[in-house]
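**Student:** This is entry-v5.cif, which holds mmCIF, C-alpha atoms (C1' of nucleotides):
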```
data_target
loop_
_atom_site.label_atom_id
_atom_site.label_comp_id
_atom_site.auth_asym_id
_atom_site.auth_seq_id
_atom_site.Cartn_x
_atom_site.Cartn_y
_atom_site.Cartn_z
CA MET A 1 36.49 89.66 56.55
CA LEU A 2 39.97 91.11 56.69
CA SER A 3 42.52 90.66 53.94
CA ASN A 4 45.50 88.47 54.54
CA SER A 5 47.66 91.55 54.59
CA SER A 6 45.62 93.13 57.36
CA LYS A 7 45.82 89.99 59.44
CA TYR A 8 49.58 89.91 59.00
CA ALA A 9 49.79 93.59 59.87
CA LEU A 10 47.79 93.12 63.05
CA LYS A 11 49.76 90.06 64.11
CA ALA A 12 53.07 91.79 63.48
CA VAL A 13 52.08 94.93 65.33
CA LEU A 14 50.85 92.88 68.27
CA TYR A 15 54.08 90.95 68.31
CA LEU A 16 55.98 94.23 68.39
CA ALA A 17 53.69 95.59 71.05
CA VAL A 18 54.48 92.72 73.36
CA ASN A 19 58.13 92.17 72.57
CA SER A 20 59.67 95.44 71.48
CA SER A 21 60.51 98.84 72.87
CA GLN A 22 62.68 101.71 71.80
CA ALA A 23 65.51 99.92 73.56
CA THR A 24 64.65 96.52 72.09
CA LYS A 25 64.17 96.74 68.36
CA ILE A 26 63.29 93.67 66.36
CA MET A 27 64.34 92.82 62.83
CA ALA A 28 61.80 91.78 60.23
CA LYS A 29 63.36 88.32 60.14
CA ASP A 30 62.83 87.88 63.87
CA ILE A 31 59.18 88.81 63.59
CA SER A 32 58.65 86.67 60.55
CA GLU A 33 59.82 83.45 62.16
CA PRO A 34 57.70 83.20 65.31
CA THR A 35 54.61 84.59 63.61
CA ASN A 36 54.91 82.43 60.50
CA ILE A 37 54.57 85.36 58.17
CA PRO A 38 56.66 85.15 54.99
CA LYS A 39 59.63 87.43 55.57
CA ALA A 40 59.64 89.43 52.34
CA TYR A 41 55.92 89.99 52.44
CA LEU A 42 56.08 91.05 56.06
CA SER A 43 58.84 93.53 55.28
CA LYS A 44 56.67 95.20 52.70
CA ILE A 45 53.79 95.47 55.13
CA LEU A 46 56.00 96.83 57.92
CA GLN A 47 57.36 99.44 55.56
CA GLU A 48 53.88 100.55 54.67
CA LEU A 49 53.01 100.77 58.35
CA SER A 50 56.21 102.64 59.07
CA ARG A 51 55.45 105.16 56.33
CA HIS A 52 52.12 105.82 58.06
CA ASN A 53 53.71 106.09 61.50
CA ILE A 54 52.00 102.99 62.84
CA VAL A 55 55.32 101.41 63.74
CA SER A 56 58.75 102.92 64.27
CA SER A 57 61.98 101.76 62.71
CA VAL A 58 65.65 102.50 62.45
CA ARG A 59 68.05 101.14 59.87
CA GLY A 60 71.55 99.83 60.12
CA PRO A 61 73.14 97.53 62.64
CA GLY A 62 71.24 97.34 65.89
CA GLY A 63 68.23 98.63 64.02
CA GLY A 64 64.84 97.07 63.50
CA PHE A 65 61.19 97.77 64.22
CA TYR A 66 59.56 98.73 67.50
CA LEU A 67 56.55 100.52 68.87
CA SER A 68 56.93 103.91 70.46
CA ASP A 69 54.53 105.01 73.15
CA SER A 70 52.48 106.96 70.64
CA ASN A 71 52.45 103.97 68.27
CA ARG A 72 50.73 102.06 71.02
CA GLU A 73 47.83 104.46 71.00
CA VAL A 74 47.01 103.60 67.41
CA HIS A 75 43.52 102.22 66.88
CA LEU A 76 43.06 98.87 65.22
CA MET A 77 40.92 100.39 62.52
CA ASP A 78 43.77 102.68 61.51
CA ILE A 79 45.84 99.67 60.59
CA ILE A 80 43.02 98.06 58.69
CA HIS A 81 42.29 101.26 56.81
CA ILE A 82 45.87 101.61 55.69
CA ILE A 83 46.08 98.08 54.37
CA ASP A 84 42.56 97.35 53.16
CA GLY A 85 41.15 100.77 52.41
CA ASP A 86 38.07 102.00 54.11
CA ASN A 87 35.04 100.23 52.73
CA ARG A 88 35.87 96.58 53.05
CA LEU A 89 34.38 96.35 56.51
CA THR A 90 31.88 99.14 56.49
CA SER A 91 30.10 98.47 53.22
CA CYS A 92 26.69 96.80 53.11
CA MET A 93 26.44 93.04 53.05
CA LEU A 94 25.52 93.13 49.39
CA SER A 95 27.69 96.14 48.54
CA LEU A 96 24.67 98.33 47.95
CA GLN A 97 25.01 102.07 47.93
CA GLU A 98 21.62 102.72 49.40
CA CYS A 99 21.34 100.42 52.31
CA ASN A 100 20.56 101.87 55.70
CA ALA A 101 18.12 101.53 58.52
CA GLU A 102 15.41 103.39 56.57
CA HIS A 103 15.95 101.54 53.33
CA PRO A 104 17.49 98.20 54.33
CA CYS A 105 18.48 95.42 51.97
CA PRO A 106 16.99 92.02 52.81
CA MET A 107 20.11 90.98 54.68
CA HIS A 108 20.49 94.17 56.65
CA ASP A 109 18.79 92.88 59.76
CA LEU A 110 20.70 89.63 59.74
CA VAL A 111 23.88 91.50 60.50
CA GLY A 112 22.00 94.02 62.52
CA ASP A 113 23.91 95.99 65.10
CA THR A 114 26.53 93.32 65.25
CA LYS A 115 28.69 94.67 62.50
CA VAL A 116 28.20 98.24 63.59
CA ASN A 117 29.36 97.28 67.04
CA PHE A 118 32.32 95.41 65.73
CA VAL A 119 33.46 98.34 63.62
CA LYS A 120 32.96 100.61 66.57
CA ASN A 121 35.15 98.32 68.65
CA LEU A 122 37.88 98.40 66.07
CA GLU A 123 37.71 102.17 66.03
CA ASN A 124 37.89 102.50 69.79
CA THR A 125 40.40 99.82 70.69
CA THR A 126 44.11 100.62 70.72
CA ILE A 127 47.06 98.32 70.44
CA GLU A 128 47.83 99.03 74.06
CA ASP A 129 44.34 97.88 75.05
CA LEU A 130 44.98 94.50 73.50
CA VAL A 131 48.37 94.23 75.14
CA SER A 132 46.73 94.82 78.52
CA ASP A 133 44.37 91.94 77.82
CA ILE A 134 47.25 89.69 76.89
CA LYS A 135 49.20 90.62 80.01
CA ALA A 136 46.12 90.03 82.11
CA GLY A 137 45.85 86.55 80.61
CA LYS A 138 42.56 87.34 78.94
CA SER A 139 43.89 86.48 75.50
CA PHE A 140 46.95 85.04 73.83
CA LEU A 141 49.42 86.43 71.39
CA PRO A 142 48.88 84.80 68.00
CA LEU A 143 51.91 82.81 66.85
CA MET B 1 32.99 89.81 54.21
CA LEU B 2 31.35 87.95 51.34
CA SER B 3 32.99 87.54 47.95
CA ASN B 4 31.58 89.41 45.02
CA SER B 5 30.35 86.13 43.64
CA SER B 6 28.38 85.35 46.76
CA LYS B 7 26.78 88.77 46.71
CA TYR B 8 25.79 88.29 43.11
CA ALA B 9 24.44 84.85 43.91
CA LEU B 10 22.32 86.16 46.77
CA LYS B 11 21.02 89.07 44.75
CA ALA B 12 20.13 86.85 41.81
CA VAL B 13 18.40 84.26 43.95
CA LEU B 14 16.43 86.97 45.73
CA TYR B 15 15.42 88.42 42.41
CA LEU B 16 14.21 85.03 41.30
CA ALA B 17 12.46 84.49 44.59
CA VAL B 18 10.39 87.61 44.12
CA ASN B 19 9.82 87.51 40.38
CA SER B 20 9.85 83.92 39.21
CA SER B 21 7.81 80.75 39.57
CA GLN B 22 7.64 77.46 37.75
CA ALA B 23 5.18 79.15 35.42
CA THR B 24 7.28 82.31 35.05
CA LYS B 25 10.85 81.47 34.24
CA ILE B 26 13.43 84.20 33.76
CA MET B 27 16.37 84.23 31.40
CA ALA B 28 19.86 85.09 32.63
CA LYS B 29 19.80 88.24 30.54
CA ASP B 30 16.63 89.43 32.22
CA ILE B 31 18.10 88.95 35.66
CA SER B 32 21.37 90.54 34.66
CA GLU B 33 19.85 93.81 33.56
CA PRO B 34 17.80 94.93 36.54
CA THR B 35 20.33 93.66 39.06
CA ASN B 36 23.36 95.15 37.30
CA ILE B 37 25.25 91.90 37.36
CA PRO B 38 27.40 91.22 34.28
CA LYS B 39 25.48 88.72 32.20
CA ALA B 40 28.21 86.19 31.43
CA TYR B 41 29.42 86.15 35.00
CA LEU B 42 25.91 85.78 36.32
CA SER B 43 25.28 82.86 33.99
CA LYS B 44 28.26 81.04 35.39
CA ILE B 45 27.05 81.61 38.92
CA LEU B 46 23.51 80.51 38.14
CA GLN B 47 24.81 77.33 36.55
CA GLU B 48 26.81 76.56 39.65
CA LEU B 49 23.73 77.17 41.78
CA SER B 50 21.64 75.05 39.45
CA ARG B 51 24.11 72.20 39.68
CA HIS B 52 23.70 72.30 43.45
CA ASN B 53 19.91 72.48 43.27
CA ILE B 54 19.71 75.97 44.70
CA VAL B 55 17.85 77.24 41.66
CA SER B 56 15.87 75.41 39.00
CA SER B 57 16.26 75.80 35.27
CA VAL B 58 15.01 74.51 31.93
CA ARG B 59 16.69 75.02 28.58
CA GLY B 60 15.33 75.86 25.23
CA PRO B 61 12.69 78.35 24.15
CA GLY B 62 10.46 79.44 26.99
CA GLY B 63 13.14 78.26 29.37
CA GLY B 64 15.04 80.13 32.02
CA PHE B 65 15.66 80.09 35.73
CA TYR B 66 13.14 79.98 38.54
CA LEU B 67 12.78 78.90 42.14
CA SER B 68 10.76 75.85 43.00
CA ASP B 69 9.04 75.59 46.36
CA SER B 70 11.86 73.50 47.72
CA ASN B 71 14.42 75.97 46.36
CA ARG B 72 12.78 78.56 48.54
CA GLU B 73 13.58 76.59 51.66
CA VAL B 74 17.30 76.87 50.99
CA HIS B 75 19.26 78.58 53.74
CA LEU B 76 21.38 81.58 52.94
CA MET B 77 24.47 79.86 54.26
CA ASP B 78 24.04 77.07 51.72
CA ILE B 79 24.49 79.57 48.93
CA ILE B 80 27.51 81.16 50.55
CA HIS B 81 29.09 77.77 51.17
CA ILE B 82 28.75 76.76 47.57
CA ILE B 83 30.32 79.93 46.24
CA ASP B 84 32.85 80.87 48.91
CA GLY B 85 33.64 77.58 50.58
CA ASP B 86 33.06 77.08 54.25
CA ASN B 87 35.69 78.93 56.18
CA ARG B 88 35.57 82.44 54.85
CA LEU B 89 32.98 83.51 57.39
CA THR B 90 33.59 81.08 60.19
CA SER B 91 37.34 81.35 60.55
CA CYS B 92 38.94 83.40 63.29
CA MET B 93 39.58 87.10 62.76
CA LEU B 94 43.28 86.42 62.35
CA SER B 95 42.84 83.04 60.64
CA LEU B 96 44.24 81.21 63.63
CA GLN B 97 43.66 77.52 64.00
CA GLU B 98 43.49 77.58 67.76
CA CYS B 99 41.21 80.43 68.61
CA ASN B 100 38.22 79.76 70.76
CA ALA B 101 36.59 80.93 73.95
CA GLU B 102 39.16 79.06 76.07
CA HIS B 103 42.16 80.22 74.09
CA PRO B 104 41.11 83.45 72.42
CA CYS B 105 43.25 85.59 70.17
CA PRO B 106 43.47 89.25 71.18
CA MET B 107 40.72 90.22 68.77
CA HIS B 108 38.37 87.45 69.70
CA ASP B 109 36.31 89.50 72.10
CA LEU B 110 36.03 92.43 69.74
CA VAL B 111 33.92 90.35 67.44
CA GLY B 112 32.42 88.57 70.36
CA ASP B 113 29.08 86.91 69.84
CA THR B 114 28.33 89.19 66.96
CA LYS B 115 29.86 86.99 64.31
CA VAL B 116 28.56 83.83 65.89
CA ASN B 117 25.07 85.28 65.84
CA PHE B 118 25.41 86.44 62.30
CA VAL B 119 26.52 83.03 61.08
CA LYS B 120 23.70 81.46 63.03
CA ASN B 121 21.28 83.80 61.30
CA LEU B 122 22.62 82.86 57.91
CA GLU B 123 22.22 79.22 58.77
CA ASN B 124 18.66 79.59 59.97
CA THR B 125 17.24 82.04 57.48
CA THR B 126 15.73 80.79 54.23
CA ILE B 127 15.16 82.59 50.98
CA GLU B 128 11.46 82.48 51.68
CA ASP B 129 12.01 84.23 55.00
CA LEU B 130 13.61 87.15 53.23
CA VAL B 131 10.87 87.28 50.64
CA SER B 132 8.31 87.54 53.43
CA ASP B 133 10.18 90.53 54.81
CA ILE B 134 10.25 92.18 51.41
CA LYS B 135 6.55 91.59 50.88
CA ALA B 136 5.85 92.96 54.33
CA GLY B 137 7.77 96.12 53.39
CA LYS B 138 10.44 95.45 55.98
CA SER B 139 13.22 95.47 53.41
CA PHE B 140 13.79 96.15 49.75
CA LEU B 141 14.92 94.01 46.89
CA PRO B 142 18.45 95.03 45.90
CA LEU B 143 18.60 96.37 42.36
"C1'" DT C 1 86.60 106.09 55.36
"C1'" DC C 2 84.91 101.51 54.32
"C1'" DC C 3 82.34 97.52 55.34
"C1'" DT C 4 78.49 95.27 57.30
"C1'" DT C 5 73.87 95.38 58.67
"C1'" DT C 6 69.56 96.73 58.51
"C1'" DA C 7 65.37 99.20 56.59
"C1'" DT C 8 63.43 101.14 52.15
"C1'" DA C 9 62.00 101.35 47.40
"C1'" DT C 10 60.73 99.22 43.40
"C1'" DG C 11 59.58 95.90 40.49
"C1'" DA C 12 58.79 90.87 39.13
"C1'" DT C 13 56.21 86.57 39.67
"C1'" DA C 14 52.44 83.78 41.23
"C1'" DT C 15 47.91 82.85 42.77
"C1'" DT C 16 43.24 83.90 43.33
"C1'" DT C 17 39.17 86.19 41.94
"C1'" DA C 18 36.40 88.34 38.60
"C1'" DT C 19 35.03 88.76 33.88
"C1'" DC C 20 34.45 87.55 29.08
"C1'" DA C 21 33.96 84.50 24.94
"C1'" DT C 22 32.86 80.42 22.40
"C1'" DG C 23 31.13 76.15 21.47
"C1'" DT C 24 27.69 72.30 22.87
"C1'" DT C 25 23.42 70.33 24.50
"C1'" DT C 26 18.55 70.39 25.27
"C1'" DC C 27 14.05 71.58 24.18
"C1'" DC C 28 10.23 73.83 21.80
"C1'" DC C 29 8.09 75.12 17.52
"C1'" DT C 30 7.12 74.69 12.71
"C1'" DA D 1 13.19 66.23 11.06
"C1'" DG D 2 15.21 70.86 11.39
"C1'" DG D 3 16.02 75.54 13.12
"C1'" DG D 4 16.23 78.67 16.79
"C1'" DA D 5 16.29 79.76 21.72
"C1'" DA D 6 17.78 78.97 25.78
"C1'" DA D 7 20.91 76.74 29.57
"C1'" DC D 8 25.34 74.33 30.13
"C1'" DA D 9 30.30 73.45 29.89
"C1'" DT D 10 34.77 74.91 29.20
"C1'" DG D 11 38.35 77.71 28.58
"C1'" DA D 12 40.52 82.51 27.87
"C1'" DT D 13 41.44 87.10 29.56
"C1'" DA D 14 41.71 90.73 33.06
"C1'" DA D 15 42.31 92.53 37.51
"C1'" DA D 16 43.30 92.24 42.22
"C1'" DT D 17 45.88 90.09 45.85
"C1'" DA D 18 49.65 87.77 47.68
"C1'" DT D 19 54.44 86.56 47.37
"C1'" DC D 20 59.27 86.88 46.04
"C1'" DA D 21 63.66 89.16 44.49
"C1'" DT D 22 66.89 92.73 43.83
"C1'" DA D 23 68.95 97.03 44.22
"C1'" DT D 24 69.41 101.36 47.09
"C1'" DA D 25 69.95 104.19 51.30
"C1'" DA D 26 71.05 104.89 56.02
"C1'" DA D 27 73.52 103.86 60.21
"C1'" DG D 28 76.95 101.92 63.14
"C1'" DG D 29 81.53 99.94 64.01
"C1'" DA D 30 86.35 98.80 62.67
#
```
Here is a file; write its structure as structure tokens.
**Tutor:**
Amino acid sequence: MLSNSSKYALKAVLYLAVNSSQATKIMAKDISEPTNIPKAYLSKILQELSRHNIVSSVRGPGGGFYLSDSNREVHLMDIIHIIDGDNRLTSCMLSLQECNAEHPCPMHDLVGDTKVNFVKNLENTTIEDLVSDIKAGKSFLPL
Amino acid sequence: MLSNSSKYALKAVLYLAVNSSQATKIMAKDISEPTNIPKAYLSKILQELSRHNIVSSVRGPGGGFYLSDSNREVHLMDIIHIIDGDNRLTSCMLSLQECNAEHPCPMHDLVGDTKVNFVKNLENTTIEDLVSDIKAGKSFLPL
DNA sequence: TCCTTTATATGATATTTATCATGTTTCCCT
DNA sequence: AGGGAAACATGATAAATATCATATAAAGGA
């Protein structure tokens, strides 16, 4: 479904969303440990996200990663696009070019609206939305 | 979503379902061409499927692959399981061990029932079901 | 200014997935 | 029998993904 890298990216960003702020930056190491993401790999992912303004960062002592207010308005799909590219989720079940409602592949209806809806959800949901759910006890931060 | 190999497997089996019978066997090469699946790779996949009794085959002149009546009752998920293993589709969005309706990860609800339904469809749908759809003009054989 | 601490950039290794190649077995045909 | 046509088995290569390692740049404090 998602690549490992995307899953790590989402977990890390969620961790930052819950635990960080401009005043409370978190070092890669301190994200890596609780989330069980290999430190070096995580660093690379965070850098990629930073380059695309998904997360914020400052170097040097007292530095680290955090989410600014605007970072929190990022949509989940943005993160996935950056890491996985943009056709991993949206392509047809059988990777066919011509597969649509008018000319469906045999598996088209099995997925049906479900995938469309899911993608739509990813496009509409922001990090902040998920944080609200967590704070409301509707879901739990993945560790 | 699915691995390349699974997609190839599904396409090849569907091709056989529509075009082959015990009396009309098809060589790997003649499946490879119309479906645009690399011949050598396809052969390997077909052998794996044959070993698991998903497709039938006979060697020697006049031989080839075909689907027996019982092959046609195979469920789509069986094919995917053989090629991709059994947790690529069913695992949580973030690959968490403990993610369920009682203890959902933040993305759990985004997928919602959609994935559950999709998996259920794969488990319930047989090759023959898809062939019926194709014959009824509801969908088109992927080439 | 210099040292430490942290992110950043870049590249190296490993693992998985996809693809190709080559020999072996089985079966039909003559 | 023997030769050719096919699947079958096995292993080699290539490409993508995941992981690790090392050097550089920025920032703060002594």
**Student:** Using all atoms listed in the file, pick whichever of A:Val13, A:Leu89, A:Asn36, A:Asp84 has the shortest atom-to-atom distance to Asn53 of chain A.
**Tutor:**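 The answer is A:Val13, which sits nearest to Asn53 of chain A.
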**Student:** Using only C-alpha atoms (C1' of nucleotides), what does the table of chain A residues within 7 Å of chain D look like, with each row giving the shortest atom pair and its distance in Å to one decimal, sorted by chain and ascending number, as a tab-separated table?
**Tutor:**
```
residue	atom	partner	partner_atom	distance
A:Ala40	CA	D:DC20	C1'	6.8
A:Tyr41	CA	D:DT19	C1'	6.3
A:Arg59	CA	D:DA27	C1'	6.1
A:Gly60	CA	D:DA27	C1'	4.5
A:Pro61	CA	D:DG28	C1'	5.8
```
**Student:** Measure the distance from atom CA of Asn100 of chain A to atom CA of Pro142 of chain B in Å and round it to one decimal.
**Tutor:**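 Answer for the atom CA of Asn100 of chain A to atom CA of Pro142 of chain B separation: 12.1 Å.
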**Student:** As a check of understanding, name the residues that the PyMOL selection byres ((chain A) within 10 of (chain C)) selects in the supplied structure, as a ChimeraX atom specification.
**Tutor:** /A:27-28,43-44,46-48,51,57-65
**Student:** Quick one: contact table of chain A to chain B, 7 Å max, nearest atom pair and distance in Å to one decimal per residue, counting all atoms listed in the file, chain and number order, as a tab-separated table?
**Tutor:**
```
residue	atom	partner	partner_atom	distance
A:Met1	CA	B:Met1	CA	4.2
A:Lys7	CA	B:Leu94	CA	5.3
A:Leu94	CA	B:Lys7	CA	5.3
A:His103	CA	B:Ser139	CA	6.7
A:Pro104	CA	B:Ser139	CA	5.2
A:Cys105	CA	B:Phe140	CA	5.2
A:Pro106	CA	B:Ser139	CA	5.1
A:Leu110	CA	B:Asn121	CA	6.1
A:Val111	CA	B:Phe118	CA	5.6
A:Thr114	CA	B:Thr114	CA	4.8
A:Phe118	CA	B:Val111	CA	5.6
A:Asn121	CA	B:Leu110	CA	6.1
A:Leu130	CA	B:Pro106	CA	5.9
A:Ile134	CA	B:Pro106	CA	6.9
A:Ser139	CA	B:Pro104	CA	5.1
A:Phe140	CA	B:Cys105	CA	5.2
A:Leu141	CA	B:Cys105	CA	6.3
A:Pro142	CA	B:Cys105	CA	6.1
```
**Student:** Once you count all atoms listed in the file, which residues end up no further than 9 Å from (12.2, 77.8, 36.5) in the file's frame, shown as a count of residues only?
**Tutor:** 18
**Student:** Can you work out the spacing between atom CA of His81 of chain A and atom CA of Ser5 of chain A in Å, to one decimal?
**Tutor:**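 According to the coordinates, atom CA of His81 of chain A and atom CA of Ser5 of chain A are separated by 11.3 Å.
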**Student:** Rounded to one decimal place, report the atom CA of Leu49 of chain B-atom CA of Arg72 of chain B distance in Å.
**Tutor:**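 Going from atom CA of Leu49 of chain B over to atom CA of Arg72 of chain B covers 12.9 Å.
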